[in-house]
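Undergrad: Take a look at query.cif, mmCIF, N, CA and C atoms:
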```
data_my_file
#
loop_
_atom_site.label_atom_id
_atom_site.label_comp_id
_atom_site.auth_asym_id
_atom_site.auth_seq_id
_atom_site.Cartn_x
_atom_site.Cartn_y
_atom_site.Cartn_z
N MET A 1 96.48 101.48 118.01
CA MET A 1 96.03 100.38 118.84
C MET A 1 96.45 100.69 120.28
N THR A 2 95.55 100.41 121.20
CA THR A 2 95.83 100.59 122.62
C THR A 2 95.95 99.22 123.26
N TYR A 3 97.01 99.05 124.05
CA TYR A 3 97.31 97.75 124.66
C TYR A 3 97.02 97.78 126.15
N ARG A 4 96.53 96.66 126.66
CA ARG A 4 96.28 96.50 128.09
C ARG A 4 96.57 95.05 128.45
N ILE A 5 96.62 94.79 129.75
CA ILE A 5 96.86 93.41 130.19
C ILE A 5 95.53 92.78 130.61
N PHE A 6 95.53 91.46 130.66
CA PHE A 6 94.38 90.73 131.18
C PHE A 6 94.90 89.45 131.82
N ALA A 7 94.14 88.94 132.76
CA ALA A 7 94.50 87.71 133.47
C ALA A 7 93.68 86.55 132.95
N SER A 8 94.28 85.37 132.97
CA SER A 8 93.54 84.16 132.64
C SER A 8 94.03 83.04 133.55
N ARG A 9 93.12 82.16 133.87
CA ARG A 9 93.48 81.00 134.70
C ARG A 9 94.06 79.94 133.79
N CYS A 10 95.23 79.47 134.15
CA CYS A 10 95.94 78.50 133.31
C CYS A 10 96.33 77.29 134.14
N ARG A 11 96.76 76.25 133.43
CA ARG A 11 97.26 75.03 134.08
C ARG A 11 98.50 74.55 133.34
N THR A 12 99.44 74.03 134.10
CA THR A 12 100.61 73.41 133.49
C THR A 12 100.21 72.03 132.98
N ALA A 13 101.10 71.39 132.28
CA ALA A 13 100.84 70.03 131.78
C ALA A 13 100.59 69.07 132.95
N ASP A 14 101.14 69.39 134.13
CA ASP A 14 100.96 68.56 135.32
C ASP A 14 99.70 68.91 136.10
N GLY A 15 98.93 69.88 135.61
CA GLY A 15 97.69 70.24 136.26
C GLY A 15 97.80 71.31 137.33
N ILE A 16 98.97 71.92 137.46
CA ILE A 16 99.16 72.98 138.46
C ILE A 16 98.54 74.26 137.93
N ARG A 17 97.72 74.88 138.75
CA ARG A 17 97.03 76.11 138.35
C ARG A 17 97.90 77.33 138.61
N TYR A 18 97.77 78.32 137.73
CA TYR A 18 98.46 79.59 137.91
C TYR A 18 97.72 80.66 137.11
N VAL A 19 98.04 81.91 137.41
CA VAL A 19 97.47 83.04 136.67
C VAL A 19 98.46 83.45 135.60
N GLY A 20 98.02 83.44 134.36
CA GLY A 20 98.85 83.91 133.25
C GLY A 20 98.37 85.28 132.82
N TRP A 21 99.30 86.19 132.56
CA TRP A 21 98.97 87.54 132.13
C TRP A 21 99.20 87.66 130.65
N GLY A 22 98.22 88.20 129.95
CA GLY A 22 98.31 88.37 128.51
C GLY A 22 98.24 89.83 128.13
N ILE A 23 98.43 90.08 126.85
CA ILE A 23 98.37 91.43 126.28
C ILE A 23 97.25 91.45 125.25
N GLU A 24 96.41 92.45 125.36
CA GLU A 24 95.33 92.63 124.39
C GLU A 24 95.43 94.03 123.81
N GLY A 25 95.26 94.12 122.50
CA GLY A 25 95.25 95.41 121.83
C GLY A 25 93.92 95.62 121.12
N VAL A 26 93.43 96.86 121.19
CA VAL A 26 92.19 97.22 120.50
C VAL A 26 92.47 98.46 119.67
N GLY A 27 92.16 98.37 118.38
CA GLY A 27 92.38 99.48 117.47
C GLY A 27 91.17 100.40 117.38
N ASP A 28 91.38 101.55 116.78
CA ASP A 28 90.31 102.53 116.63
C ASP A 28 89.14 101.99 115.81
N GLY A 29 89.43 101.10 114.88
CA GLY A 29 88.39 100.51 114.05
C GLY A 29 87.77 99.26 114.64
N GLY A 30 88.14 98.94 115.89
CA GLY A 30 87.59 97.77 116.56
C GLY A 30 88.39 96.50 116.37
N GLU A 31 89.47 96.56 115.56
CA GLU A 31 90.30 95.36 115.39
C GLU A 31 90.95 94.99 116.72
N ARG A 32 91.17 93.70 116.91
CA ARG A 32 91.70 93.20 118.18
C ARG A 32 92.90 92.29 117.96
N LEU A 33 93.78 92.33 118.95
CA LEU A 33 94.91 91.41 119.02
C LEU A 33 94.92 90.87 120.43
N ARG A 34 95.08 89.57 120.59
CA ARG A 34 95.05 88.98 121.93
C ARG A 34 96.13 87.90 122.01
N LEU A 35 97.06 88.09 122.93
CA LEU A 35 98.11 87.11 123.20
C LEU A 35 97.96 86.66 124.64
N GLU A 36 97.59 85.42 124.84
CA GLU A 36 97.33 84.89 126.18
C GLU A 36 98.58 84.32 126.81
N ASP A 37 98.61 84.33 128.14
CA ASP A 37 99.64 83.67 128.95
C ASP A 37 101.06 84.05 128.51
N VAL A 38 101.31 85.34 128.44
CA VAL A 38 102.63 85.84 128.05
C VAL A 38 103.61 85.67 129.21
N THR A 39 103.14 85.89 130.44
CA THR A 39 103.99 85.83 131.62
C THR A 39 103.15 85.59 132.87
N GLU A 40 103.80 85.12 133.93
CA GLU A 40 103.14 84.98 135.22
C GLU A 40 103.34 86.23 136.07
N ASP A 41 104.14 87.16 135.59
CA ASP A 41 104.53 88.35 136.34
C ASP A 41 103.67 89.54 135.91
N ARG A 42 102.74 89.93 136.77
CA ARG A 42 101.82 91.03 136.43
C ARG A 42 102.58 92.33 136.15
N ARG A 43 103.55 92.64 136.97
CA ARG A 43 104.31 93.89 136.79
C ARG A 43 104.99 93.92 135.43
N PHE A 44 105.59 92.81 135.05
CA PHE A 44 106.24 92.71 133.75
C PHE A 44 105.23 92.92 132.62
N ALA A 45 104.05 92.30 132.75
CA ALA A 45 103.00 92.45 131.74
C ALA A 45 102.57 93.91 131.64
N GLU A 46 102.42 94.59 132.78
CA GLU A 46 102.03 96.00 132.77
C GLU A 46 103.08 96.85 132.06
N LEU A 47 104.35 96.56 132.33
CA LEU A 47 105.43 97.32 131.69
C LEU A 47 105.50 97.04 130.20
N LEU A 48 105.26 95.79 129.80
CA LEU A 48 105.21 95.47 128.37
C LEU A 48 104.11 96.26 127.67
N ALA A 49 102.93 96.29 128.27
CA ALA A 49 101.81 97.04 127.68
C ALA A 49 102.16 98.52 127.59
N ALA A 50 102.82 99.05 128.61
CA ALA A 50 103.21 100.46 128.60
C ALA A 50 104.20 100.76 127.47
N VAL A 51 105.16 99.85 127.26
CA VAL A 51 106.13 100.02 126.18
C VAL A 51 105.42 99.98 124.82
N LEU A 52 104.52 99.01 124.66
CA LEU A 52 103.79 98.89 123.39
C LEU A 52 102.97 100.14 123.12
N ASN A 53 102.35 100.70 124.15
CA ASN A 53 101.57 101.93 123.98
C ASN A 53 102.47 103.12 123.70
N ARG A 54 103.55 103.25 124.45
CA ARG A 54 104.46 104.38 124.26
C ARG A 54 105.06 104.40 122.86
N GLU A 55 105.43 103.22 122.38
CA GLU A 55 106.08 103.11 121.07
C GLU A 55 105.07 102.98 119.92
N LYS A 56 103.79 102.94 120.28
CA LYS A 56 102.73 102.81 119.27
C LYS A 56 103.00 101.61 118.35
N ALA A 57 103.26 100.47 118.98
CA ALA A 57 103.61 99.25 118.25
C ALA A 57 102.48 98.81 117.32
N GLU A 58 102.85 98.52 116.10
CA GLU A 58 101.89 97.99 115.13
C GLU A 58 101.61 96.52 115.50
N PRO A 59 100.38 96.09 115.32
CA PRO A 59 100.01 94.72 115.71
C PRO A 59 100.92 93.64 115.12
N VAL A 60 101.39 93.84 113.91
CA VAL A 60 102.23 92.84 113.26
C VAL A 60 103.57 92.65 114.00
N HIS A 61 103.98 93.62 114.81
CA HIS A 61 105.26 93.55 115.50
C HIS A 61 105.16 93.15 116.97
N VAL A 62 103.97 93.11 117.51
CA VAL A 62 103.79 92.90 118.95
C VAL A 62 104.40 91.58 119.44
N ALA A 63 104.13 90.49 118.77
CA ALA A 63 104.66 89.19 119.20
C ALA A 63 106.19 89.20 119.19
N ASP A 64 106.80 89.84 118.20
CA ASP A 64 108.26 89.92 118.15
C ASP A 64 108.82 90.77 119.27
N VAL A 65 108.17 91.89 119.57
CA VAL A 65 108.63 92.76 120.66
C VAL A 65 108.57 92.00 121.98
N ILE A 66 107.47 91.32 122.24
CA ILE A 66 107.32 90.56 123.48
C ILE A 66 108.36 89.44 123.53
N SER A 67 108.55 88.74 122.43
CA SER A 67 109.54 87.67 122.37
C SER A 67 110.95 88.18 122.68
N ASP A 68 111.27 89.37 122.16
CA ASP A 68 112.59 89.96 122.43
C ASP A 68 112.78 90.21 123.92
N PHE A 69 111.77 90.77 124.59
CA PHE A 69 111.88 91.03 126.02
C PHE A 69 111.96 89.74 126.82
N LEU A 70 111.22 88.72 126.42
CA LEU A 70 111.23 87.45 127.15
C LEU A 70 112.54 86.68 126.97
N SER A 71 113.16 86.81 125.81
CA SER A 71 114.36 86.01 125.53
C SER A 71 115.66 86.71 125.91
N ASP A 72 115.62 88.00 126.15
CA ASP A 72 116.83 88.77 126.45
C ASP A 72 116.77 89.24 127.90
N SER A 73 117.51 88.56 128.78
CA SER A 73 117.43 88.86 130.21
C SER A 73 117.89 90.28 130.53
N GLU A 74 118.85 90.82 129.79
CA GLU A 74 119.30 92.20 130.00
C GLU A 74 118.19 93.18 129.65
N LEU A 75 117.53 92.94 128.54
CA LEU A 75 116.43 93.79 128.10
C LEU A 75 115.29 93.74 129.11
N LYS A 76 114.98 92.53 129.58
CA LYS A 76 113.92 92.36 130.58
C LYS A 76 114.28 93.08 131.87
N ARG A 77 115.53 92.94 132.31
CA ARG A 77 115.98 93.62 133.52
C ARG A 77 115.87 95.14 133.39
N SER A 78 116.23 95.66 132.20
CA SER A 78 116.15 97.09 131.99
C SER A 78 114.70 97.58 132.06
N LEU A 79 113.77 96.79 131.57
CA LEU A 79 112.37 97.14 131.61
C LEU A 79 111.86 97.13 133.05
N LEU A 80 112.34 96.16 133.82
CA LEU A 80 111.91 96.03 135.21
C LEU A 80 112.67 96.95 136.16
N GLY A 81 113.68 97.65 135.64
CA GLY A 81 114.43 98.59 136.44
C GLY A 81 115.43 97.95 137.39
N GLY A 82 115.91 96.78 137.01
CA GLY A 82 116.84 96.09 137.91
C GLY A 82 118.15 95.78 137.35
#
```
Rewrite the coordinates I just gave you, this time as structure tokens.
TA:
Amino acid sequence: MTYRIFASRCRTADGIRYVGWGIEGVGDGGERLRLEDVTEDRRFAELLAAVLNREKAEPVHVADVISDFLSDSELKRSLLGG
């Protein structure tokens, strides 16, 4: 599966508009995985997609991998190089 990012227009519960970045995966057989509004940070989304591609993440694990990066500030910082 190959992963890439995509943008979508989103709104908060208060109606504030923002751009949410998601991750989409497409397999050789045409299967698809789509997770919308993962982050507001495009750079972070790009790095997540790069990690998923580098590690050849199986679709069943993608949500857990993303959740780990989002919930662990040290892990997120290491990905962002800070």
Undergrad: Would you list, as an NGL selection string, the residues of chain A that end up in strand (DSSP E) under DSSP run on this structure's backbone?
TA: :A and (2-11 or 17-26 or 32-39)
Undergrad: Figure out the distance between atom C of A:Glu40 and atom N of A:Thr12, please, to one decimal in Å.
TA: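 Atom N of A:Thr12 sits 13.0 Å away from atom C of A:Glu40.
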Undergrad: Find the residues near stretch 30-37 of chain A: any atom within 12 Å, counting only C-alpha atoms, skip ones fewer than 2 places away on the same chain, and give them as a ChimeraX atom specification.
TA: /A:1-12,18-28,39-42,45,49,57-64,66-67
Undergrad: Among chain A, which residues carry a DSSP assignment of alpha helix (DSSP H), reported as JSON, numbers by chain?
TA: {"A": [42, 43, 44, 45, 46, 47, 48, 49, 50, 51, 52, 53, 54, 59, 60, 61, 62, 63, 64, 65, 66, 67, 68, 69, 70, 71, 73, 74, 75, 76, 77, 78, 79, 80]}
Undergrad: What does the distance from atom CA of A:Leu47 to atom C of A:Lys76 come to in Å, to one decimal?
TA: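 Result for atom CA of A:Leu47 versus atom C of A:Lys76: 9.8 Å, one decimal.
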Undergrad: Kindly give the distance, in Å, that separates atom N of A:Ala50 and atom N of A:Ala13, rounded to a single decimal.
TA: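 Between these atoms lies a distance of 28.0 Å.
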Undergrad: Would you place a box with edges along x, y and z of the file around all atoms of stretch 21-34 of chain A listed there, add 3 Å to each of its six sides, and report the centre and edge lengths in Å to one decimal, as AutoDock Vina command-line options?
TA:
```
--center_x 93.4 --center_y 94.4 --center_z 123.3 --size_x 17.7 --size_y 22.3 --size_z 24.5
```
